[in-house]
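Structure record follows, encoded as structure tokens.
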Amino acid sequence: MVVGKIVLAEVPPLALVLVRVSLGALALVVGRRFLASVPEISRRDLPKLALLALLALLALLALLALLGVVINQTFFFLGLARTSPVHATLIQQTISPMTLALSLALGRERFSAGRVAGIAIAFVGAVSLVARGGVDFSSSEFVGDAFVLLNAASYAVFLVLSPGTMVRLGSVTVSAAMFTIGTICLLPVALPSVLATDFRAVSTGAWAGIAYIVAFPTVTAYLLNAWALARAAPSLVSAYIFFQPFIAIGLDMAVRGTRIGLDTIVPGALILAGVAVAAIASKRTGQRRRPDTA
């Protein structure tokens, strides 16, 4: 959040979205050659490569790309440009409850009191951690807050709809395809902003921020999430988002020497306990998937 806000001071939101997604796509497509083993296609599988099946697959990947990349990333940066990192982090904690509710409503997961309780505990901890200094949702930031909420909702839907595809095609393959399709979708909207941006005037610090955003919150985070979605229930995968503010505060302590107090220890303990309860409940109810191969 903080790095994104710093970069947005010099780079327009749509330009940053296209840079992030296109560089992420390039990294994932190249990385797939080294990280994924592509299975051989036997003759009995050739009928599956018929035109209709291919179109259906492309349509599914396009839907995942729109939800998980285009809508998600666009509204995140449009929202972050209009609201504070604290607001954005707080609103993003709704991803896990929304994912669980949608999974249960669509019958993608079986109800588990332990999983619901774990996510509720972690949610309280995350909200307490982010809001410990007080939060004022003023009307001036309403539009930005609404955009971040749309970002969270689109990602929750993506988490619920994507696991089956991750298992069938492989997490690296799906991630690379999503970012490639996402780049194509973003070009008509974001390219004018990119062309209007004088990247020669962008500071070294902002370029470092862009590199960080592409490497970690984009490529690494999406690969880890995709890998997890091929192996665990969407609600459990989304629960790890609660660690986001916990890690941010830990980095702040390491870099700036910020002191840790009870207002950090107690919410942090709730997050750890809640995610642990959700993970144990998922294991007991058999919410696991077979590992992917590509």
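Lettering and numbering for the structure tokens are positional, with chains as A, B, ... in the shown order, residues counted from 1 in each chain, and ligands counted from 1 in the shown order.
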Contacts between stretch 67-84 of chain A and stretch 181-224 of chain A, please, where a residue of stretch 181-224 of chain A counts if it comes within 10 Å (with only C-alpha atoms); show its shortest atom pair and distance in Å to one decimal, rows by chain and ascending number, as CSV.
```
residue,atom,partner,partner_atom,distance
A:Ile181,CA,A:Val70,CA,9.0
A:Gly182,CA,A:Val70,CA,5.5
A:Thr183,CA,A:Val70,CA,8.0
A:Ile184,CA,A:Val70,CA,9.7
A:Cys185,CA,A:Val70,CA,7.3
A:Leu186,CA,A:Val70,CA,6.8
A:Ala190,CA,A:Thr74,CA,9.4
A:Thr218,CA,A:Val69,CA,9.6
A:Tyr222,CA,A:Gly68,CA,9.3
```
Go ahead and save the residues from that selection, with C-alpha atoms, as a PDB file, in the first residue's frame.
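Generated file (result-v2.pdb):
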```pdb
ATOM      1  CA  ILE A 181      -4.940 -11.392 -21.455  1.00  0.00           C
ATOM      2  CA  GLY A 182      -5.109  -8.648 -18.823  1.00  0.00           C
ATOM      3  CA  THR A 183      -2.434  -6.653 -20.617  1.00  0.00           C
ATOM      4  CA  ILE A 184      -4.371  -6.881 -23.893  1.00  0.00           C
ATOM      5  CA  CYS A 185      -7.593  -5.784 -22.173  1.00  0.00           C
ATOM      6  CA  LEU A 186      -5.894  -2.841 -20.466  1.00  0.00           C
ATOM      7  CA  ALA A 190      -4.411   2.618 -20.061  1.00  0.00           C
ATOM      8  CA  THR A 218       2.363  -8.942  -8.392  1.00  0.00           C
ATOM      9  CA  TYR A 222      -0.077 -14.131  -7.585  1.00  0.00           C
TER      10      TYR A 222
END
```
Write out as an NGL selection string which residues come within 12 Å of A:Leu262 when counting only C-alpha atoms, dropping same-chain ones fewer than 6 positions away.
:A and (128-129 or 132 or 268-270)
Residues just named, written with C-alpha atoms as an mmCIF file, in the first residue's frame:
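Heads up, here's the output in out.cif:
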```
data_model
loop_
_atom_site.group_PDB
_atom_site.id
_atom_site.type_symbol
_atom_site.label_atom_id
_atom_site.label_comp_id
_atom_site.auth_asym_id
_atom_site.auth_seq_id
_atom_site.Cartn_x
_atom_site.Cartn_y
_atom_site.Cartn_z
ATOM 1 C CA SER A 128 -7.884 -3.811 15.156
ATOM 2 C CA LEU A 129 -4.306 -3.746 13.909
ATOM 3 C CA ARG A 132 -5.371 1.067 16.163
ATOM 4 C CA GLY A 268 -1.271 -9.943 15.831
ATOM 5 C CA ALA A 269 -2.003 -12.871 18.142
ATOM 6 C CA LEU A 270 -5.652 -12.828 17.013
#
```
Residue set, stretch 109-181 of chain A restricted to helix (DSSP H, G or I), as an mmCIF file with C-alpha atoms, in the first residue's frame:
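Dumped to result_10.cif:
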```
data_model
loop_
_atom_site.group_PDB
_atom_site.id
_atom_site.type_symbol
_atom_site.label_atom_id
_atom_site.label_comp_id
_atom_site.auth_asym_id
_atom_site.auth_seq_id
_atom_site.Cartn_x
_atom_site.Cartn_y
_atom_site.Cartn_z
ATOM 1 C CA ALA A 113 -18.063 -23.569 12.228
ATOM 2 C CA GLY A 114 -14.312 -23.723 12.839
ATOM 3 C CA ARG A 115 -13.477 -22.046 9.527
ATOM 4 C CA VAL A 116 -16.080 -19.318 10.072
ATOM 5 C CA ALA A 117 -14.836 -18.727 13.615
ATOM 6 C CA GLY A 118 -11.194 -18.645 12.506
ATOM 7 C CA ILE A 119 -11.808 -16.090 9.769
ATOM 8 C CA ALA A 120 -13.931 -13.988 12.142
ATOM 9 C CA ILE A 121 -11.163 -13.982 14.772
ATOM 10 C CA ALA A 122 -8.480 -13.092 12.218
ATOM 11 C CA PHE A 123 -10.717 -10.390 10.726
ATOM 12 C CA VAL A 124 -11.173 -8.744 14.146
ATOM 13 C CA GLY A 125 -7.408 -8.899 14.687
ATOM 14 C CA ALA A 126 -6.601 -7.383 11.283
ATOM 15 C CA VAL A 127 -9.146 -4.578 11.641
ATOM 16 C CA SER A 128 -7.884 -3.811 15.156
ATOM 17 C CA LEU A 129 -4.306 -3.746 13.909
ATOM 18 C CA VAL A 130 -5.003 -1.405 11.005
ATOM 19 C CA SER A 139 -16.670 11.852 2.523
ATOM 20 C CA SER A 140 -13.639 13.212 0.658
ATOM 21 C CA GLU A 141 -12.228 9.700 0.368
ATOM 22 C CA PHE A 142 -15.534 7.938 -0.298
ATOM 23 C CA VAL A 143 -14.903 7.361 -4.004
ATOM 24 C CA GLY A 144 -11.449 5.920 -3.346
ATOM 25 C CA ASP A 145 -12.841 3.664 -0.609
ATOM 26 C CA ALA A 146 -15.597 2.469 -2.956
ATOM 27 C CA PHE A 147 -13.039 1.651 -5.670
ATOM 28 C CA VAL A 148 -10.934 -0.392 -3.227
ATOM 29 C CA LEU A 149 -14.088 -2.224 -2.110
ATOM 30 C CA LEU A 150 -14.779 -3.122 -5.767
ATOM 31 C CA ASN A 151 -11.173 -4.310 -5.995
ATOM 32 C CA ALA A 152 -11.722 -6.550 -2.958
ATOM 33 C CA ALA A 153 -15.035 -7.893 -4.276
ATOM 34 C CA SER A 154 -13.609 -8.772 -7.707
ATOM 35 C CA TYR A 155 -10.696 -10.594 -6.105
ATOM 36 C CA ALA A 156 -13.035 -12.530 -3.806
ATOM 37 C CA VAL A 157 -15.053 -13.714 -6.831
ATOM 38 C CA PHE A 158 -11.806 -14.635 -8.596
ATOM 39 C CA LEU A 159 -10.664 -16.731 -5.612
ATOM 40 C CA VAL A 160 -13.931 -18.668 -5.627
ATOM 41 C CA LEU A 161 -14.113 -19.302 -9.402
ATOM 42 C CA PRO A 163 -9.380 -23.181 -8.192
ATOM 43 C CA GLY A 164 -10.742 -25.730 -10.683
ATOM 44 C CA THR A 165 -8.880 -24.088 -13.550
ATOM 45 C CA MET A 166 -5.706 -23.878 -11.445
ATOM 46 C CA VAL A 167 -5.852 -27.633 -10.848
ATOM 47 C CA ARG A 168 -6.543 -28.549 -14.488
ATOM 48 C CA LEU A 169 -4.083 -26.232 -16.229
ATOM 49 C CA SER A 171 -1.044 -22.363 -11.431
ATOM 50 C CA VAL A 172 1.892 -20.935 -13.399
ATOM 51 C CA THR A 173 0.169 -21.449 -16.755
ATOM 52 C CA VAL A 174 -3.066 -19.820 -15.586
ATOM 53 C CA SER A 175 -1.250 -16.888 -13.974
ATOM 54 C CA ALA A 176 0.796 -16.235 -17.122
ATOM 55 C CA ALA A 177 -2.326 -16.456 -19.320
ATOM 56 C CA MET A 178 -4.287 -14.136 -17.014
ATOM 57 C CA PHE A 179 -1.668 -11.416 -17.053
ATOM 58 C CA THR A 180 -1.189 -11.700 -20.825
ATOM 59 C CA ILE A 181 -4.940 -11.392 -21.455
#
```
